[in-house]
$ cat data-v2.cif   # mmCIF, C-alpha atoms
data_model
loop_
_atom_site.group_PDB
_atom_site.id
_atom_site.type_symbol
_atom_site.label_atom_id
_atom_site.label_comp_id
_atom_site.auth_asym_id
_atom_site.auth_seq_id
_atom_site.Cartn_x
_atom_site.Cartn_y
_atom_site.Cartn_z
ATOM 1 C CA MET A 1086 0.000 0.000 0.000
ATOM 2 C CA GLY A 1087 1.851 3.047 -1.257
ATOM 3 C CA CYS A 1088 4.374 2.659 -4.049
ATOM 4 C CA GLY A 1089 6.929 5.303 -3.192
ATOM 5 C CA ARG A 1090 10.583 4.475 -2.761
ATOM 6 C CA GLN A 1091 10.068 2.217 0.259
ATOM 7 C CA GLY A 1092 7.025 0.462 -1.176
ATOM 8 C CA ALA A 1093 8.625 -0.121 -4.559
ATOM 9 C CA TYR A 1094 11.843 -1.379 -2.950
ATOM 10 C CA LEU A 1095 9.966 -3.900 -0.811
ATOM 11 C CA ALA A 1096 7.593 -4.996 -3.561
ATOM 12 C CA ALA A 1097 10.484 -5.755 -5.909
ATOM 13 C CA ARG A 1098 12.485 -7.580 -3.235
ATOM 14 C CA MET A 1099 9.544 -9.665 -2.064
ATOM 15 C CA ASP A 1100 8.584 -10.515 -5.633
ATOM 16 C CA ARG A 1101 12.133 -11.742 -6.269
ATOM 17 C CA ALA A 1102 11.945 -13.780 -3.068
ATOM 18 C CA GLY A 1103 8.911 -15.588 -4.439
ATOM 19 C CA TRP A 1104 6.037 -13.748 -2.761
ATOM 20 C CA ILE A 1105 2.889 -12.857 -4.642
ATOM 21 C CA VAL A 1106 2.785 -9.106 -4.193
ATOM 22 C CA ALA A 1107 -0.180 -6.817 -4.853
ATOM 23 C CA VAL A 1108 0.775 -3.135 -4.999
ATOM 24 C CA VAL A 1109 -1.769 -0.361 -4.424
ATOM 25 C CA ASP A 1110 -1.210 3.307 -5.130
ATOM 26 C CA ARG A 1111 -3.478 6.242 -5.928
ATOM 27 C CA ASP A 1112 -1.127 7.248 -8.685
ATOM 28 C CA ALA A 1113 -0.808 4.987 -11.749
ATOM 29 C CA GLU A 1114 2.570 6.540 -12.517
ATOM 30 C CA ALA A 1115 4.002 5.319 -9.228
ATOM 31 C CA LEU A 1116 3.040 1.763 -10.167
ATOM 32 C CA ALA A 1117 4.650 2.170 -13.580
ATOM 33 C CA GLY A 1118 8.032 2.447 -11.844
ATOM 34 C CA LEU A 1119 7.903 -1.178 -10.657
ATOM 35 C CA PRO A 1120 10.084 -3.757 -12.431
ATOM 36 C CA GLY A 1121 8.414 -4.898 -15.654
ATOM 37 C CA ASP A 1122 8.903 -8.587 -14.915
ATOM 38 C CA MET A 1123 7.134 -8.408 -11.558
ATOM 39 C CA GLY A 1124 4.187 -10.715 -11.038
ATOM 40 C CA GLY A 1125 1.124 -10.004 -8.909
ATOM 41 C CA VAL A 1126 -1.617 -7.412 -9.159
ATOM 42 C CA ARG A 1127 -1.318 -3.659 -9.354
ATOM 43 C CA VAL A 1128 -4.263 -1.627 -8.161
ATOM 44 C CA VAL A 1129 -4.754 2.070 -8.822
ATOM 45 C CA GLY A 1130 -6.844 3.223 -5.911
ATOM 46 C CA ASP A 1131 -7.044 4.515 -2.377
ATOM 47 C CA ALA A 1132 -5.710 1.937 0.061
ATOM 48 C CA LEU A 1133 -8.271 3.042 2.636
ATOM 49 C CA THR A 1134 -11.221 1.990 0.504
ATOM 50 C CA VAL A 1135 -12.685 -1.492 0.764
ATOM 51 C CA ASP A 1136 -12.836 -1.702 -3.044
ATOM 52 C CA ALA A 1137 -9.092 -1.244 -3.425
ATOM 53 C CA LEU A 1138 -8.336 -3.610 -0.555
ATOM 54 C CA GLU A 1139 -10.567 -6.300 -1.974
ATOM 55 C CA GLU A 1140 -9.162 -5.872 -5.450
ATOM 56 C CA ALA A 1141 -5.704 -6.341 -3.966
ATOM 57 C CA GLY A 1142 -6.878 -9.576 -2.371
ATOM 58 C CA ILE A 1143 -6.974 -8.538 1.278
ATOM 59 C CA ALA A 1144 -9.193 -11.515 2.150
ATOM 60 C CA ASP A 1145 -6.387 -14.003 1.467
ATOM 61 C CA ALA A 1146 -3.406 -11.832 2.339
ATOM 62 C CA ASP A 1147 -0.725 -13.024 4.778
ATOM 63 C CA THR A 1148 0.814 -9.602 5.106
ATOM 64 C CA LEU A 1149 -0.126 -5.975 4.578
ATOM 65 C CA ILE A 1150 2.562 -3.291 4.475
ATOM 66 C CA ALA A 1151 1.526 0.371 4.525
ATOM 67 C CA THR A 1152 4.209 2.682 3.132
ATOM 68 C CA THR A 1153 2.360 5.727 1.822
ATOM 69 C CA ALA A 1154 3.933 9.131 2.437
ATOM 70 C CA GLU A 1155 1.799 9.825 5.516
ATOM 71 C CA ASP A 1156 2.303 8.252 8.940
ATOM 72 C CA ASN A 1157 -1.329 8.529 10.039
ATOM 73 C CA ARG A 1158 -2.579 7.037 6.841
ATOM 74 C CA ASN A 1159 -0.209 4.113 7.150
ATOM 75 C CA ALA A 1160 -1.399 3.402 10.669
ATOM 76 C CA ALA A 1161 -5.037 3.622 9.547
ATOM 77 C CA ILE A 1162 -4.416 1.274 6.613
ATOM 78 C CA ALA A 1163 -2.683 -1.268 8.860
ATOM 79 C CA VAL A 1164 -5.528 -1.083 11.398
ATOM 80 C CA VAL A 1165 -8.041 -1.743 8.637
ATOM 81 C CA GLY A 1166 -5.914 -4.658 7.391
ATOM 82 C CA HIS A 1167 -5.819 -5.993 10.932
ATOM 83 C CA THR A 1168 -9.626 -5.937 11.109
ATOM 84 C CA PHE A 1169 -9.676 -7.979 7.888
ATOM 85 C CA GLY A 1170 -7.693 -10.601 9.780
ATOM 86 C CA VAL A 1171 -4.366 -10.132 7.981
ATOM 87 C CA PRO A 1172 -1.787 -11.818 10.250
ATOM 88 C CA HIS A 1173 0.938 -9.208 9.681
ATOM 89 C CA ALA A 1174 -0.295 -5.628 9.360
ATOM 90 C CA ILE A 1175 2.733 -3.358 9.262
ATOM 91 C CA ALA A 1176 2.845 0.436 9.067
ATOM 92 C CA ARG A 1177 5.861 2.577 8.273
ATOM 93 C CA VAL A 1178 5.781 5.528 10.693
ATOM 94 C CA ARG A 1179 8.518 8.152 10.472
ATOM 95 C CA ASP A 1180 7.624 10.204 13.522
ATOM 96 C CA LEU A 1181 9.366 8.829 16.619
ATOM 97 C CA GLN A 1182 6.619 9.739 19.107
ATOM 98 C CA ALA A 1183 3.780 8.647 16.846
ATOM 99 C CA ALA A 1184 5.547 5.319 16.293
ATOM 100 C CA GLN A 1185 5.419 4.627 20.030
ATOM 101 C CA SER A 1186 1.727 5.523 20.309
ATOM 102 C CA PHE A 1187 0.710 3.536 17.257
ATOM 103 C CA GLU A 1188 2.257 0.368 18.658
ATOM 104 C CA ARG A 1189 -0.697 0.251 21.023
ATOM 105 C CA LEU A 1190 -3.061 -0.179 18.087
ATOM 106 C CA GLY A 1191 -2.209 -3.854 17.757
ATOM 107 C CA ILE A 1192 -0.336 -3.352 14.506
ATOM 108 C CA GLU A 1193 3.353 -3.722 13.773
ATOM 109 C CA ILE A 1194 5.298 -0.487 13.358
ATOM 110 C CA VAL A 1195 8.573 0.144 11.600
ATOM 111 C CA CYS A 1196 10.125 3.568 12.261
ATOM 112 C CA PRO A 1197 12.931 4.314 9.787
ATOM 113 C CA THR A 1198 13.900 7.476 11.687
ATOM 114 C CA SER A 1199 14.697 5.443 14.762
ATOM 115 C CA LEU A 1200 16.595 2.860 12.673
ATOM 116 C CA GLU A 1201 18.639 5.595 11.006
ATOM 117 C CA ALA A 1202 19.415 7.251 14.327
ATOM 118 C CA ARG A 1203 20.508 3.936 15.833
ATOM 119 C CA ALA A 1204 22.707 3.192 12.822
ATOM 120 C CA PHE A 1205 24.440 6.573 13.104
ATOM 121 C CA LEU A 1206 24.873 6.319 16.872
ATOM 122 C CA ASP A 1207 26.136 2.719 16.673
ATOM 123 C CA HIS A 1208 28.624 3.800 14.067
ATOM 124 C CA LEU A 1209 29.824 6.648 16.288
ATOM 125 C CA ALA A 1210 30.059 4.439 19.345
ATOM 126 C CA GLY A 1211 32.204 1.960 17.441
ATOM 127 C CA ARG A 1212 34.360 4.652 16.029
ATOM 128 C CA THR A 1213 35.284 6.861 18.924
ATOM 129 C CA ARG A 1214 38.980 6.980 18.400
ATOM 130 C CA PRO A 1215 41.321 6.393 21.318
ATOM 131 C CA PRO A 1216 43.019 9.594 22.441
ATOM 132 C CA THR A 1217 46.058 10.255 20.289
ATOM 133 C CA GLU A 1218 48.722 12.898 20.690
ATOM 134 C CA ALA A 1219 46.500 15.306 18.768
ATOM 135 C CA GLY A 1220 43.194 14.217 20.158
ATOM 136 C CA ALA A 1221 43.662 14.051 23.919
ATOM 137 C CA ILE A 1222 41.671 17.173 24.658
ATOM 138 C CA GLY A 1223 38.695 17.117 26.997
ATOM 139 C CA SER A 1224 37.620 13.805 28.439
ATOM 140 C CA MET B 1335 34.312 9.267 26.030
ATOM 141 C CA ARG B 1336 36.057 12.234 24.474
ATOM 142 C CA SER B 1337 33.708 15.071 23.730
ATOM 143 C CA LEU B 1338 33.452 15.739 20.007
ATOM 144 C CA ARG B 1339 32.604 18.819 17.976
ATOM 145 C CA ILE B 1340 29.678 17.703 15.867
ATOM 146 C CA ILE B 1341 27.755 19.546 13.165
ATOM 147 C CA VAL B 1342 24.295 18.265 12.280
ATOM 148 C CA ALA B 1343 22.916 19.584 8.979
ATOM 149 C CA GLY B 1344 19.127 19.487 8.918
ATOM 150 C CA CYS B 1345 16.908 19.754 11.981
ATOM 151 C CA GLY B 1346 14.049 17.517 10.904
ATOM 152 C CA ARG B 1347 12.988 14.449 12.884
ATOM 153 C CA LEU B 1348 16.312 12.650 12.456
ATOM 154 C CA GLY B 1349 18.542 15.720 12.834
ATOM 155 C CA ALA B 1350 16.720 16.990 15.912
ATOM 156 C CA HIS B 1351 16.793 13.571 17.554
ATOM 157 C CA LEU B 1352 20.493 13.020 16.882
ATOM 158 C CA ALA B 1353 21.376 16.566 17.951
ATOM 159 C CA SER B 1354 19.638 16.167 21.285
ATOM 160 C CA VAL B 1355 20.984 12.648 21.966
ATOM 161 C CA LEU B 1356 24.543 13.699 21.122
ATOM 162 C CA SER B 1357 24.241 16.925 23.093
ATOM 163 C CA ARG B 1358 22.993 15.004 26.121
ATOM 164 C CA ALA B 1359 25.967 12.658 25.717
ATOM 165 C CA GLY B 1360 28.237 15.639 26.307
ATOM 166 C CA HIS B 1361 29.294 16.510 22.773
ATOM 167 C CA HIS B 1362 29.470 20.041 21.385
ATOM 168 C CA VAL B 1363 26.684 20.056 18.830
ATOM 169 C CA VAL B 1364 25.819 22.690 16.249
ATOM 170 C CA VAL B 1365 22.644 22.118 14.296
ATOM 171 C CA ILE B 1366 21.906 23.890 10.995
ATOM 172 C CA ASP B 1367 18.543 24.439 9.346
ATOM 173 C CA ARG B 1368 17.156 26.913 6.810
ATOM 174 C CA ASP B 1369 14.038 27.328 8.874
ATOM 175 C CA THR B 1370 14.247 28.604 12.464
ATOM 176 C CA ALA B 1371 10.904 26.931 13.231
ATOM 177 C CA ALA B 1372 12.680 23.587 12.724
ATOM 178 C CA PHE B 1373 14.649 24.176 15.944
ATOM 179 C CA GLU B 1374 11.398 23.821 17.870
ATOM 180 C CA ALA B 1375 11.760 20.082 17.225
ATOM 181 C CA LEU B 1376 14.722 20.026 19.628
ATOM 182 C CA PRO B 1377 13.269 18.734 22.887
ATOM 183 C CA PRO B 1378 13.339 21.654 25.338
ATOM 184 C CA GLY B 1379 15.928 21.350 28.047
ATOM 185 C CA THR B 1380 17.869 18.528 26.415
ATOM 186 C CA PHE B 1381 19.751 20.441 23.744
ATOM 187 C CA GLY B 1382 22.725 22.407 24.997
ATOM 188 C CA GLY B 1383 24.233 23.133 21.623
ATOM 189 C CA ARG B 1384 24.099 25.975 19.127
ATOM 190 C CA GLU B 1385 21.510 26.584 16.409
ATOM 191 C CA VAL B 1386 22.549 28.108 13.102
ATOM 192 C CA GLU B 1387 19.979 29.363 10.643
ATOM 193 C CA GLY B 1388 21.002 28.966 7.014
ATOM 194 C CA ASP B 1389 21.310 26.707 3.998
ATOM 195 C CA ALA B 1390 23.848 24.002 4.855
ATOM 196 C CA THR B 1391 24.755 23.574 1.190
ATOM 197 C CA GLU B 1392 26.390 27.030 1.363
ATOM 198 C CA PRO B 1393 30.063 26.919 2.419
ATOM 199 C CA SER B 1394 29.633 30.236 4.283
ATOM 200 C CA VAL B 1395 26.915 28.714 6.442
ATOM 201 C CA LEU B 1396 29.043 25.650 7.186
ATOM 202 C CA ARG B 1397 31.906 27.946 8.124
ATOM 203 C CA ARG B 1398 29.627 29.933 10.421
ATOM 204 C CA ALA B 1399 28.649 26.677 12.099
ATOM 205 C CA GLY B 1400 32.338 25.967 12.740
ATOM 206 C CA LEU B 1401 32.857 23.102 10.318
ATOM 207 C CA GLU B 1402 36.545 23.989 9.968
ATOM 208 C CA ASP B 1403 37.174 22.773 13.524
ATOM 209 C CA ALA B 1404 34.592 20.011 13.606
ATOM 210 C CA ASP B 1405 35.408 16.363 14.278
ATOM 211 C CA LEU B 1406 32.323 15.088 12.601
ATOM 212 C CA LEU B 1407 29.486 16.117 10.321
ATOM 213 C CA ILE B 1408 26.145 14.392 10.015
ATOM 214 C CA ALA B 1409 24.102 15.274 6.923
ATOM 215 C CA ALA B 1410 20.528 14.578 7.992
ATOM 216 C CA ILE B 1411 18.573 16.656 5.500
ATOM 217 C CA ARG B 1412 15.574 15.057 3.853
ATOM 218 C CA ASP B 1413 16.788 15.755 0.341
ATOM 219 C CA ASP B 1414 19.443 13.382 -1.054
ATOM 220 C CA ASN B 1415 20.946 16.056 -3.302
ATOM 221 C CA ALA B 1416 21.345 18.527 -0.455
ATOM 222 C CA ASN B 1417 22.967 15.854 1.726
ATOM 223 C CA GLY B 1418 25.301 14.944 -1.126
ATOM 224 C CA THR B 1419 26.403 18.551 -1.487
ATOM 225 C CA VAL B 1420 26.930 19.023 2.249
ATOM 226 C CA ALA B 1421 28.881 15.752 2.568
ATOM 227 C CA MET B 1422 31.056 16.568 -0.421
ATOM 228 C CA LEU B 1423 31.843 20.060 0.867
ATOM 229 C CA ALA B 1424 32.673 18.689 4.300
ATOM 230 C CA ARG B 1425 35.088 16.123 2.861
ATOM 231 C CA THR B 1426 36.732 18.133 0.101
ATOM 232 C CA LEU B 1427 36.585 21.815 1.100
ATOM 233 C CA PHE B 1428 36.724 21.461 4.880
ATOM 234 C CA GLY B 1429 38.670 18.196 5.148
ATOM 235 C CA VAL B 1430 36.405 16.752 7.845
ATOM 236 C CA ASP B 1431 37.513 13.214 8.750
ATOM 237 C CA GLN B 1432 34.242 11.673 9.654
ATOM 238 C CA VAL B 1433 31.243 12.462 7.509
ATOM 239 C CA LEU B 1434 27.989 10.573 7.885
ATOM 240 C CA ALA B 1435 25.095 11.061 5.511
ATOM 241 C CA ARG B 1436 21.538 9.935 5.311
ATOM 242 C CA VAL B 1437 20.511 8.755 1.871
ATOM 243 C CA SER B 1438 17.116 7.548 0.772
ATOM 244 C CA ASP B 1439 17.988 6.190 -2.657
ATOM 245 C CA PRO B 1440 19.936 2.943 -2.088
ATOM 246 C CA GLU B 1441 21.638 3.339 -5.470
ATOM 247 C CA ARG B 1442 23.442 6.437 -4.301
ATOM 248 C CA GLU B 1443 25.352 4.714 -1.558
ATOM 249 C CA THR B 1444 28.288 3.721 -3.782
ATOM 250 C CA MET B 1445 28.911 7.328 -4.773
ATOM 251 C CA TYR B 1446 29.327 8.230 -1.123
ATOM 252 C CA ARG B 1447 31.632 5.333 -0.415
ATOM 253 C CA ASP B 1448 34.065 6.710 -2.987
ATOM 254 C CA LEU B 1449 34.020 10.017 -1.119
ATOM 255 C CA GLY B 1450 34.823 8.312 2.180
ATOM 256 C CA VAL B 1451 31.390 9.094 3.578
ATOM 257 C CA MET B 1452 29.545 6.628 5.786
ATOM 258 C CA THR B 1453 25.912 6.355 4.770
ATOM 259 C CA VAL B 1454 22.711 5.214 6.367
ATOM 260 C CA CYS B 1455 19.841 4.384 4.028
ATOM 261 C CA ALA B 1456 16.353 4.512 5.526
ATOM 262 C CA THR B 1457 14.849 2.710 2.555
ATOM 263 C CA ALA B 1458 17.173 -0.263 2.997
ATOM 264 C CA LEU B 1459 16.959 -0.226 6.814
ATOM 265 C CA GLY B 1460 13.175 0.086 6.801
ATOM 266 C CA GLY B 1461 12.967 -2.592 4.129
ATOM 267 C CA GLU B 1462 15.103 -5.043 6.108
ATOM 268 C CA ALA B 1463 13.155 -4.356 9.295
ATOM 269 C CA ILE B 1464 9.852 -5.001 7.534
ATOM 270 C CA LEU B 1465 11.178 -8.151 5.862
ATOM 271 C CA ASP B 1466 12.420 -9.359 9.238
ATOM 272 C CA LEU B 1467 8.936 -8.928 10.689
ATOM 273 C CA VAL B 1468 7.370 -10.758 7.790
ATOM 274 C CA THR B 1469 9.856 -13.591 7.385
ATOM 275 C CA GLY B 1470 10.947 -13.781 11.016
ATOM 276 C CA ASP B 1471 8.732 -16.744 11.748
ATOM 277 C CA ARG B 1472 9.822 -18.607 8.593
ATOM 278 C CA GLU B 1473 13.519 -18.165 8.056
ATOM 279 C CA ALA B 1474 15.009 -16.961 11.292
ATOM 280 C CA GLY B 1475 17.459 -14.167 10.569
ATOM 281 C CA GLY B 1476 18.368 -13.335 7.011
ATOM 282 C CA GLY B 1477 18.904 -9.647 7.754
ATOM 283 C CA ALA B 1478 22.130 -8.008 6.698
ATOM 284 C CA ARG B 1479 23.785 -7.283 9.979
#
$ encode --input "data-v2.cif" --output "structure tokens"
Amino acid sequence: MGCGRQGAYLAARMDRAGWIVAVVDRDAEALAGLPGDMGGVRVVGDALTVDALEEAGIADADTLIATTAEDNRNAAIAVVGHTFGVPHAIARVRDLQAAQSFERLGIEIVCPTSLEARAFLDHLAGRTRPPTEAGAIGS
Amino acid sequence: MRSLRIIVAGCGRLGAHLASVLSRAGHHVVVIDRDTAAFEALPPGTFGGREVEGDATEPSVLRRAGLEDADLLIAAIRDDNANGTVAMLARTLFGVDQVLARVSDPERETMYRDLGVMTVCATALGGEAILDLVTGDREAGGGAR
């Protein structure tokens, strides 16, 4: 749900891994950017409408991943997927505080901002150089 | 841990979070953003660093932020092109040793590697995290770590 950079990246990877992937986006042009040899359905429509969800095959889906540009929308889409009984309903939420709140909705949340921050901080922690003759200032 | 002089370009969600965490850890942090309203994202009371208003892709702004004496620059702007410019200036014009950049297009990461810039790609990280959630119960692991 949502074929921006993240959605397209995942759809292509999952397709290559042998999943049957249905991709939904309001914008037909966004869907046109998917690899030509990808299987599965493409649906031009609003992921929050029952029509689009049904066309994408929500009734038999194992997983729903919401990666539209808006955090709130992604959470709403995942909640709807959850009510359809999809075992994994995952929303991409960029806002750190919102990500914490949305976890209480019974859906799975992935917060790229927090992953990026951790990656930077881990890198820094691993790379703090030992004090050298030039660097032994402060403590 | 030695206290570092760190410049953070971009005070959006990521920049503001990193600036406040690093400031709390005792580092000297300068955060740059074009928009003064962006500094409101710094949690009150936790950021002890300096705020510089200006376009971080301008060398004069980087100079004003003290990049010449910085140990480290983090390019955390939302726009890949802007981050590329800032990272390149930091490495080539200012000779900063450690430059870290956020990049959203995974294909751009190689370009940065040639510049000696460490990158973090949200698209790849988010993608791996989502795949881990989905495949976790089938093929334990599989993530690139």
$ atom_distance --input "data-v2.cif" --atom1 "CA of Ile1105 (chain A)" --atom2 "CA of Gly1125 (chain A)"
5.4 Å
$ residues_near_point --input "data-v2.cif" --point "(-5.9, -8.5, -1.6)" --cutoff "12 Å" --atoms "only C-alpha atoms" --output "mmCIF file with C-alpha atoms, in the coordinates of the input"
data_model
loop_
_atom_site.group_PDB
_atom_site.id
_atom_site.type_symbol
_atom_site.label_atom_id
_atom_site.label_comp_id
_atom_site.auth_asym_id
_atom_site.auth_seq_id
_atom_site.Cartn_x
_atom_site.Cartn_y
_atom_site.Cartn_z
ATOM 1 C CA MET A 1086 0.000 0.000 0.000
ATOM 2 C CA ILE A 1105 2.889 -12.857 -4.642
ATOM 3 C CA VAL A 1106 2.785 -9.106 -4.193
ATOM 4 C CA ALA A 1107 -0.180 -6.817 -4.853
ATOM 5 C CA VAL A 1108 0.775 -3.135 -4.999
ATOM 6 C CA VAL A 1109 -1.769 -0.361 -4.424
ATOM 7 C CA GLY A 1125 1.124 -10.004 -8.909
ATOM 8 C CA VAL A 1126 -1.617 -7.412 -9.159
ATOM 9 C CA ARG A 1127 -1.318 -3.659 -9.354
ATOM 10 C CA VAL A 1128 -4.263 -1.627 -8.161
ATOM 11 C CA ALA A 1132 -5.710 1.937 0.061
ATOM 12 C CA THR A 1134 -11.221 1.990 0.504
ATOM 13 C CA VAL A 1135 -12.685 -1.492 0.764
ATOM 14 C CA ASP A 1136 -12.836 -1.702 -3.044
ATOM 15 C CA ALA A 1137 -9.092 -1.244 -3.425
ATOM 16 C CA LEU A 1138 -8.336 -3.610 -0.555
ATOM 17 C CA GLU A 1139 -10.567 -6.300 -1.974
ATOM 18 C CA GLU A 1140 -9.162 -5.872 -5.450
ATOM 19 C CA ALA A 1141 -5.704 -6.341 -3.966
ATOM 20 C CA GLY A 1142 -6.878 -9.576 -2.371
ATOM 21 C CA ILE A 1143 -6.974 -8.538 1.278
ATOM 22 C CA ALA A 1144 -9.193 -11.515 2.150
ATOM 23 C CA ASP A 1145 -6.387 -14.003 1.467
ATOM 24 C CA ALA A 1146 -3.406 -11.832 2.339
ATOM 25 C CA ASP A 1147 -0.725 -13.024 4.778
ATOM 26 C CA THR A 1148 0.814 -9.602 5.106
ATOM 27 C CA LEU A 1149 -0.126 -5.975 4.578
ATOM 28 C CA ILE A 1150 2.562 -3.291 4.475
ATOM 29 C CA GLY A 1166 -5.914 -4.658 7.391
ATOM 30 C CA PHE A 1169 -9.676 -7.979 7.888
ATOM 31 C CA GLY A 1170 -7.693 -10.601 9.780
ATOM 32 C CA VAL A 1171 -4.366 -10.132 7.981
#
$ residues_around --input "data-v2.cif" --residues "Val1355 (chain B)" --least-positions-apart "4" --cutoff "10 Å" --atoms "all atoms listed in the file" --output "list in words"
Ala1202 and Leu1206 of chain A; Gly1349, Ala1350, His1351, Ala1359, Gly1360, His1361, Val1363, Leu1376, Pro1377, Thr1380 and Phe1381 of chain B
$ closest_residue --input "data-v2.cif" --among "B:Asp1448, B:Glu1402, B:Asp1431, B:Glu1374" --to "chain A" --atoms "only C-alpha atoms"
B:Asp1431
$ atom_distance --input "data-v2.cif" --atom1 "CA of Leu1133 (chain A)" --atom2 "CA of Val1165 (chain A)"
7.7 Å
$ resolve_selection --input "data-v2.cif" --expression "the PyMOL selection byres ((chain A) within 6 of (chain B))" --output "list in words"
Gln1091, Leu1095, Pro1197, Thr1198 and Ser1224 of chain A
$ closest_residue --input "data-v2.cif" --among "A:Gln1185, A:Thr1153, A:Thr1168, A:Ser1199" --to "Ala1115 (chain A)" --atoms "only C-alpha atoms"
A:Thr1153
$ axis_aligned_box --input "data-v2.cif" --around "region 1358-1373 of chain B" --padding-each-side "6 Å" --output "lines of an AutoDock Vina configuration file"
center_x = 20.2
center_y = 20.6
center_z = 16.6
size_x = 30.6
size_y = 27.9
size_z = 31.5
$ residues_around --input "data-v2.cif" --residues "Pro1120 (chain A)" --least-positions-apart "5" --cutoff "10 Å" --atoms "only C-alpha atoms" --output "VMD selection string"
chain A and resid 1093 to 1094 1096 to 1097 1100
$ closest_residue --input "data-v2.cif" --among "B:Val1386, B:Leu1401, B:Ala1409, B:Val1451" --to "Phe1428 (chain B)" --atoms "only C-alpha atoms"
B:Leu1401
$ atom_distance --input "data-v2.cif" --atom1 "CA of Gly1118 (chain A)" --atom2 "CA of Ala1163 (chain A)"
23.6 Å
$ closest_residue --input "data-v2.cif" --among "A:Gly1087, A:Asp1131, A:Gly1124, A:His1173" --to "Asn1159 (chain A)" --atoms "only C-alpha atoms"
A:Gly1087
$ residues_around --input "data-v2.cif" --residues "Thr1152 (chain A)" --least-positions-apart "4" --cutoff "9 Å" --atoms "only C-alpha atoms" --output "list in words"
Met1086, Gly1087, Cys1088, Gly1089, Arg1090, Gln1091, Gly1092, Asp1156, Arg1158, Asn1159, Ile1175, Ala1176, Arg1177 and Val1178 of chain A
$ closest_residue --input "data-v2.cif" --among "B:Glu1385, B:Asn1415, B:Arg1447, B:Cys1345" --to "Ala1372 (chain B)" --atoms "all atoms listed in the file"
B:Cys1345
$ closest_residue --input "data-v2.cif" --among "A:Ala1154, A:Arg1101, A:Gln1182, A:Gly1130" --to "Ala1375 (chain B)" --atoms "only C-alpha atoms"
A:Gln1182
$ decode --input "data-v2.cif" --residues "region 1135-1146 of chain A" --atoms "N, CA, C and O atoms" --output "short mmCIF file (atom, residue, chain, number, x, y, z; two decimals), in the first residue's frame"
data_model
loop_
_atom_site.label_atom_id
_atom_site.label_comp_id
_atom_site.auth_asym_id
_atom_site.auth_seq_id
_atom_site.Cartn_x
_atom_site.Cartn_y
_atom_site.Cartn_z
N VAL A 1135 -12.47 -0.04 0.77
CA VAL A 1135 -12.68 -1.49 0.76
C VAL A 1135 -12.52 -2.04 -0.65
O VAL A 1135 -11.96 -3.12 -0.86
N ASP A 1136 -12.97 -1.27 -1.65
CA ASP A 1136 -12.84 -1.70 -3.04
C ASP A 1136 -11.38 -2.01 -3.40
O ASP A 1136 -11.08 -3.08 -3.94
N ALA A 1137 -10.51 -1.06 -3.08
CA ALA A 1137 -9.09 -1.24 -3.43
C ALA A 1137 -8.50 -2.42 -2.65
O ALA A 1137 -7.74 -3.22 -3.20
N LEU A 1138 -8.87 -2.52 -1.38
CA LEU A 1138 -8.34 -3.61 -0.56
C LEU A 1138 -8.78 -4.96 -1.08
O LEU A 1138 -8.00 -5.91 -1.15
N GLU A 1139 -10.05 -5.02 -1.47
CA GLU A 1139 -10.57 -6.30 -1.97
C GLU A 1139 -9.95 -6.65 -3.31
O GLU A 1139 -9.61 -7.80 -3.57
N GLU A 1140 -9.78 -5.63 -4.15
CA GLU A 1140 -9.16 -5.87 -5.45
C GLU A 1140 -7.72 -6.38 -5.27
O GLU A 1140 -7.23 -7.20 -6.05
N ALA A 1141 -7.08 -5.90 -4.23
CA ALA A 1141 -5.70 -6.34 -3.97
C ALA A 1141 -5.68 -7.73 -3.33
O ALA A 1141 -4.60 -8.32 -3.17
N GLY A 1142 -6.83 -8.23 -2.93
CA GLY A 1142 -6.88 -9.58 -2.37
C GLY A 1142 -6.68 -9.64 -0.86
O GLY A 1142 -6.11 -10.60 -0.34
N ILE A 1143 -7.17 -8.62 -0.18
CA ILE A 1143 -6.97 -8.54 1.28
C ILE A 1143 -7.50 -9.78 2.01
O ILE A 1143 -6.94 -10.20 3.02
N ALA A 1144 -8.55 -10.38 1.46
CA ALA A 1144 -9.19 -11.52 2.15
C ALA A 1144 -8.23 -12.69 2.33
O ALA A 1144 -8.31 -13.40 3.33
N ASP A 1145 -7.31 -12.87 1.39
CA ASP A 1145 -6.39 -14.00 1.47
C ASP A 1145 -4.95 -13.59 1.81
O ASP A 1145 -4.03 -14.40 1.70
N ALA A 1146 -4.78 -12.32 2.17
CA ALA A 1146 -3.41 -11.83 2.34
C ALA A 1146 -2.78 -12.33 3.63
O ALA A 1146 -3.44 -12.46 4.66
#
